[in-house]
Amino acid sequence: MAQAGGNPRSDGDSQQPSIFKVVLLGSSSVGKSSLALRFLKNDFREILPTLGCAFFTHMMEVDGKALKLELWDTAGQEKYHSVCHLYFRGANAALLVYDIAKKDTFHRAQNWWKELENEFQPEEIVVILVGNKMDLEDSREVTFEEGKTFSESNKLLFMETSAKLNYQVTEAFTAIARELLQREEQHGGPAQQKNPSIDLENSASQKKGKCCLD
Amino acid sequence: MSLKSERRGIHVDQSELLCKKGCGYYGNSAWQGFCSKCWREEYQKARQRQIQEDWELAERLQREEEEAFASSQSSQGAQSLTFSKFEGKKTNEKSRKVTTVKKFFSASSRGGPKKVAQEKTLKQGQLGRERNTDNLLRDLKEIFAPAWELASPSEEIQEAKAASPSINRQASLETDRVSKEFIEFLKTFHKTGQEIYKQTKMFLEAMHQKREFSIEEQSECTQDFYQHVAERLQTRGKVPPEKMEKAMDQIEKYIMTRLYKHVFCPETTDDEKKDLAVQKRIRALHWVTPQMLCVPVNEEIPEVSDMVVKAITDIIEMDSKRVPRDKLACITKCSKHIFNAIKITKNEPASADDFLPTLIYIVLKGNPPRLQSNIQYITRFCNPSRLMTGEDGYYFTNLCCAVAFIEKLDAQSLNLSQEDFDRYMSGQSSPKKPESEPWAPDACLGVQQMYKNLDLLSQLNERQERLMSQAKKLEKDLIDWTDGIAKEVQDIVEKYPLEIKPPSQPLAAIDSENVENDKLPPPLQPQVYAG
């Protein structure tokens, strides 16, 4: 409950689901908020936030385990890049979103990753690279392979989605949730791993099979 | 002889040095001629009066504001004026406090670390040569007292009142109220509650002794305490998770109400300097418009400007709260109002891309007092789980981002050229208003309407004058025209005068000149024929 540091808030009680903080990162208008909205709307038909869509909590169940995701949307404008590391504190996962029809958003996602790398130990945070707006296939500027190569070389999860067509949105969040739960299980909550690189690789490759387009 | 007179001189001086209040003790010019005890009483009274006045003023202002904005008729100009007045008073109070404290000590013969003593005076409002030890003892007693046993906290209050009038300060009233609530709350936990109470007492006592430690150490102790208590509640108390949060909130409220004075903006840190720096920075940025920040809020809509004002009020109110959690609640309230404002303007729920710029704008417009101190205080003493996760934590993080952004803000982040930025910052010129309106862009609707009406009236006036002059001209033209016609007629009459010639000959003479006349046969004569 009152743990310091970036550990999930898991109460000793097993009935109480763990809470994970997920930060949404990406340039403005790549669809961060849309992804989150789609995720919320789709799954449980919960009452949507009427006021603003910058902060949501969402209960979900993965492989029979309940968990609570807390989504923190961030301002994507270039000028706020320098202050955005403040959002990272205590984060358990991050969604790096880019627009497949805009090359520069992909580059900015890579910058975000660099920032995350500076801030966290690789085992401290689950990162998924998300290429959004697959519906704009005709004006695609970032190929699937580019995204995949980058995520593989940095051991990130990867997925291409379309918030508009509701393609793979829930899957992206589920992938994060599964990874988070897996890590929590392996390390008994607090993220203190001995050989994180290995299991990250394993889980990443597992995921890839599922996420990539067939 | 001379020695004697000198002595006499001293003697006279000494009699003058007695306390002005006539209590028999010696006074001190540093205490405006009072003895330490009387001075303290006077100072406390004055200070409390000031606090009371400020409070009343603030309350009145808020009431007025709310009334005014409910009808969305109040004047924005007046509002910002009152805010600055309020702020001015605050700083006045602060500076007065500082100078009196300085005066207090400049003449004092006490050695020892000035800072420590100063801290004690400021925070306890009790320091006297004779009574210092007394007070310290009493303080300790208060802490050490097995307060759980004195189940009725009113006794505690009475005790305090009896002990010294100076301890009966406004702050202690609130502290007592919170203590009472805390004890009531803990009673619902039975045995665990008792244990918690003991723990908190011990913690407060320990903190009292650590008062001279660095603020980071104190913060660490507090964080450790939170964690420790939470674990205890869980393992020993078997407190269900849904009740945990409430319990932790109560504990935080209780200890932070007591510690606030010592750990908020402590003098061992440069928090105050940072506060002033941020305040100065925000003042220097007064010219920033919503357009520069790309704020998706249209303040011309009455509901939106209403929300903006409410958000500003909330963020300013944060400084008046003592418990970190209450401060967070103010930030959250402010954020909700911002979301509302964006939603009304854009007609769709706001995303973080919209929210952060608007929050920055609100902070710039409101210039909340002691911003850095508040952020530092919350960071150091709030339950950490609340800062890194949860809705309150999210908004708090956004506020931190906003402040960090304001500190770093440069020409590029406002889409301005470096020259323009420098010019605006130095106050040489201010950005051109989108329309050349004679009123300030932040004037409220009523004032704007008034200016518009004035404009309209002056236009009407102008038109009326033009009408009048044209009517006059028409009149003149008409007169001129008749005159002209008359003149023309006259001219013609003059040019062609009417000549009536007299008849020169009688009619009979018409053919007088006829020479052949006599050649004409004689006129026919009537002839009578016999019939």
# chains A, B, ... in the order shown; residues from 1 in each chain; ligands from 1
$ select_by_dssp --residues "range 3-153 of chain A" --states "strand (DSSP E)" --output "ChimeraX atom specification"
/A:18-26,52-53,55-62,65-73,93-99,126-132
$ interface_residues --of "chain B" --to "chain A" --cutoff "9 Å" --atoms "only C-alpha atoms" --output "JSON, numbers by chain"
{"B": [223, 226, 227, 228, 230, 231, 234, 235, 240, 241, 244, 245, 248, 336, 339, 340, 342, 343, 348, 349, 350, 351, 352, 353, 354, 355, 356, 357, 383, 384, 385, 386, 387, 388, 389, 390, 391, 394, 395, 397, 398, 400, 401, 402, 404, 405, 408, 409, 412, 413, 414]}
$ atom_distance --atom1 "CA of Leu18 in chain B" --atom2 "CA of Gln32 in chain B"
11.2 Å
$ residues_around --residues "Ala94 in chain A" --least-positions-apart "4" --cutoff "8 Å" --atoms "only C-alpha atoms" --output "list of chain:residue names"
A:Val22, A:Val23, A:Leu24, A:Leu25, A:Ile125, A:Val126, A:Val127, A:Ile128
$ residues_around --residues "Thr174 in chain A" --least-positions-apart "6" --cutoff "12 Å" --atoms "only C-alpha atoms" --output "PDB file with C-alpha atoms, in the first residue's frame"
ATOM      1  CA  PHE A  39      -9.531   0.065 -25.062  1.00  0.00           C
ATOM      2  CA  ASP A  43     -13.818  -4.178 -23.295  1.00  0.00           C
ATOM      3  CA  HIS A  58      -9.299   0.017 -15.928  1.00  0.00           C
ATOM      4  CA  MET A  59      -9.917  -3.360 -14.388  1.00  0.00           C
ATOM      5  CA  MET A  60      -9.099  -6.292 -16.566  1.00  0.00           C
ATOM      6  CA  GLU A  61      -8.576  -9.982 -16.347  1.00  0.00           C
ATOM      7  CA  VAL A  62      -5.741 -11.813 -18.026  1.00  0.00           C
ATOM      8  CA  ASP A  63      -5.410 -15.562 -17.806  1.00  0.00           C
ATOM      9  CA  LYS A  65      -5.944 -12.997 -12.940  1.00  0.00           C
ATOM     10  CA  ALA A  66      -7.461  -9.654 -12.171  1.00  0.00           C
ATOM     11  CA  LEU A  67      -5.391  -6.541 -12.396  1.00  0.00           C
ATOM     12  CA  LYS A  68      -5.942  -2.853 -12.575  1.00  0.00           C
ATOM     13  CA  LEU A  69      -4.266  -0.697 -15.172  1.00  0.00           C
ATOM     14  CA  ILE A 128       5.496  -1.761 -26.011  1.00  0.00           C
ATOM     15  CA  LEU A 157       7.038  -5.564 -27.405  1.00  0.00           C
ATOM     16  CA  MET A 159       2.267  -4.238 -32.374  1.00  0.00           C
ATOM     17  CA  GLN A 168      -5.481  -5.102 -32.075  1.00  0.00           C
ATOM     18  CA  LEU A 180       3.411  -7.265 -16.127  1.00  0.00           C
ATOM     19  CA  LEU A 181       1.768 -10.188 -14.396  1.00  0.00           C
ATOM     20  CA  GLN A 182       4.485 -12.523 -15.558  1.00  0.00           C
ATOM     21  CA  LYS A 207       4.789 -11.982 -27.624  1.00  0.00           C
ATOM     22  CA  LYS A 210       1.175 -13.358 -31.167  1.00  0.00           C
ATOM     23  CA  CYS A 211       1.253  -9.746 -32.069  1.00  0.00           C
TER      24      CYS A 211
END
$ closest_residue --among "B:Ser373, B:Thr313, B:Ser426, B:Ser469" --to "Arg283 in chain B" --atoms "only C-alpha atoms"
B:Ser426
$ residues_around --residues "range 169-173 of chain A" --least-positions-apart "4" --cutoff "7 Å" --atoms "only C-alpha atoms" --output "NGL selection string"
:A and (35 or 39 or 159 or 161-163 or 177)
$ write_last_selection --atoms "all heavy atoms" --output "mmCIF file, in the first residue's frame"
data_model
loop_
_atom_site.group_PDB
_atom_site.id
_atom_site.type_symbol
_atom_site.label_atom_id
_atom_site.label_comp_id
_atom_site.auth_asym_id
_atom_site.auth_seq_id
_atom_site.Cartn_x
_atom_site.Cartn_y
_atom_site.Cartn_z
ATOM 1 N N LEU A 35 -6.493 5.414 -28.528
ATOM 2 C CA LEU A 35 -6.189 4.025 -28.163
ATOM 3 C C LEU A 35 -6.771 3.707 -26.797
ATOM 4 O O LEU A 35 -7.429 2.675 -26.609
ATOM 5 C CB LEU A 35 -4.678 3.804 -28.129
ATOM 6 C CG LEU A 35 -3.977 3.501 -29.445
ATOM 7 C CD1 LEU A 35 -2.472 3.465 -29.222
ATOM 8 C CD2 LEU A 35 -4.447 2.171 -30.004
ATOM 9 N N PHE A 39 -9.786 1.171 -25.988
ATOM 10 C CA PHE A 39 -9.531 0.065 -25.062
ATOM 11 C C PHE A 39 -10.613 0.014 -23.985
ATOM 12 O O PHE A 39 -11.161 -1.040 -23.673
ATOM 13 C CB PHE A 39 -8.144 0.266 -24.457
ATOM 14 C CG PHE A 39 -7.832 -0.631 -23.299
ATOM 15 C CD1 PHE A 39 -7.921 -2.014 -23.427
ATOM 16 C CD2 PHE A 39 -7.412 -0.105 -22.096
ATOM 17 C CE1 PHE A 39 -7.608 -2.838 -22.370
ATOM 18 C CE2 PHE A 39 -7.098 -0.931 -21.035
ATOM 19 C CZ PHE A 39 -7.208 -2.292 -21.169
ATOM 20 N N MET A 159 3.568 -3.950 -31.801
ATOM 21 C CA MET A 159 2.267 -4.238 -32.374
ATOM 22 C C MET A 159 1.839 -3.075 -33.249
ATOM 23 O O MET A 159 2.188 -1.938 -32.971
ATOM 24 C CB MET A 159 1.263 -4.409 -31.239
ATOM 25 C CG MET A 159 0.154 -5.366 -31.562
ATOM 26 S SD MET A 159 -0.810 -5.671 -30.105
ATOM 27 C CE MET A 159 -0.052 -7.144 -29.482
ATOM 28 N N THR A 161 -1.554 -1.241 -34.697
ATOM 29 C CA THR A 161 -2.960 -1.185 -34.307
ATOM 30 C C THR A 161 -3.717 -0.162 -35.151
ATOM 31 O O THR A 161 -3.127 0.601 -35.909
ATOM 32 C CB THR A 161 -3.108 -0.733 -32.842
ATOM 33 O OG1 THR A 161 -2.560 0.574 -32.737
ATOM 34 C CG2 THR A 161 -2.420 -1.663 -31.886
ATOM 35 N N SER A 162 -5.020 -0.203 -34.984
ATOM 36 C CA SER A 162 -5.832 0.887 -35.513
ATOM 37 C C SER A 162 -6.934 1.171 -34.516
ATOM 38 O O SER A 162 -7.820 0.352 -34.309
ATOM 39 C CB SER A 162 -6.430 0.498 -36.865
ATOM 40 O OG SER A 162 -7.460 1.402 -37.180
ATOM 41 N N ALA A 163 -6.831 2.320 -33.902
ATOM 42 C CA ALA A 163 -7.863 2.689 -32.934
ATOM 43 C C ALA A 163 -9.177 2.935 -33.646
ATOM 44 O O ALA A 163 -10.247 2.686 -33.123
ATOM 45 C CB ALA A 163 -7.437 3.925 -32.156
ATOM 46 N N ALA A 177 -0.379 -6.276 -20.006
ATOM 47 C CA ALA A 177 -0.869 -6.836 -18.753
ATOM 48 C C ALA A 177 -0.246 -8.202 -18.487
ATOM 49 O O ALA A 177 0.191 -8.491 -17.373
ATOM 50 C CB ALA A 177 -2.388 -6.938 -18.802
#
$ select_by_dssp --residues "range 63-207 of chain A" --states "alpha helix (DSSP H)" --output "PyMOL selection string"
chain A and resi 85-88+103-119+144-153+169-187+196-207
$ atom_distance --atom1 "CA of Glu217 in chain B" --atom2 "CA of Thr379 in chain B"
13.3 Å
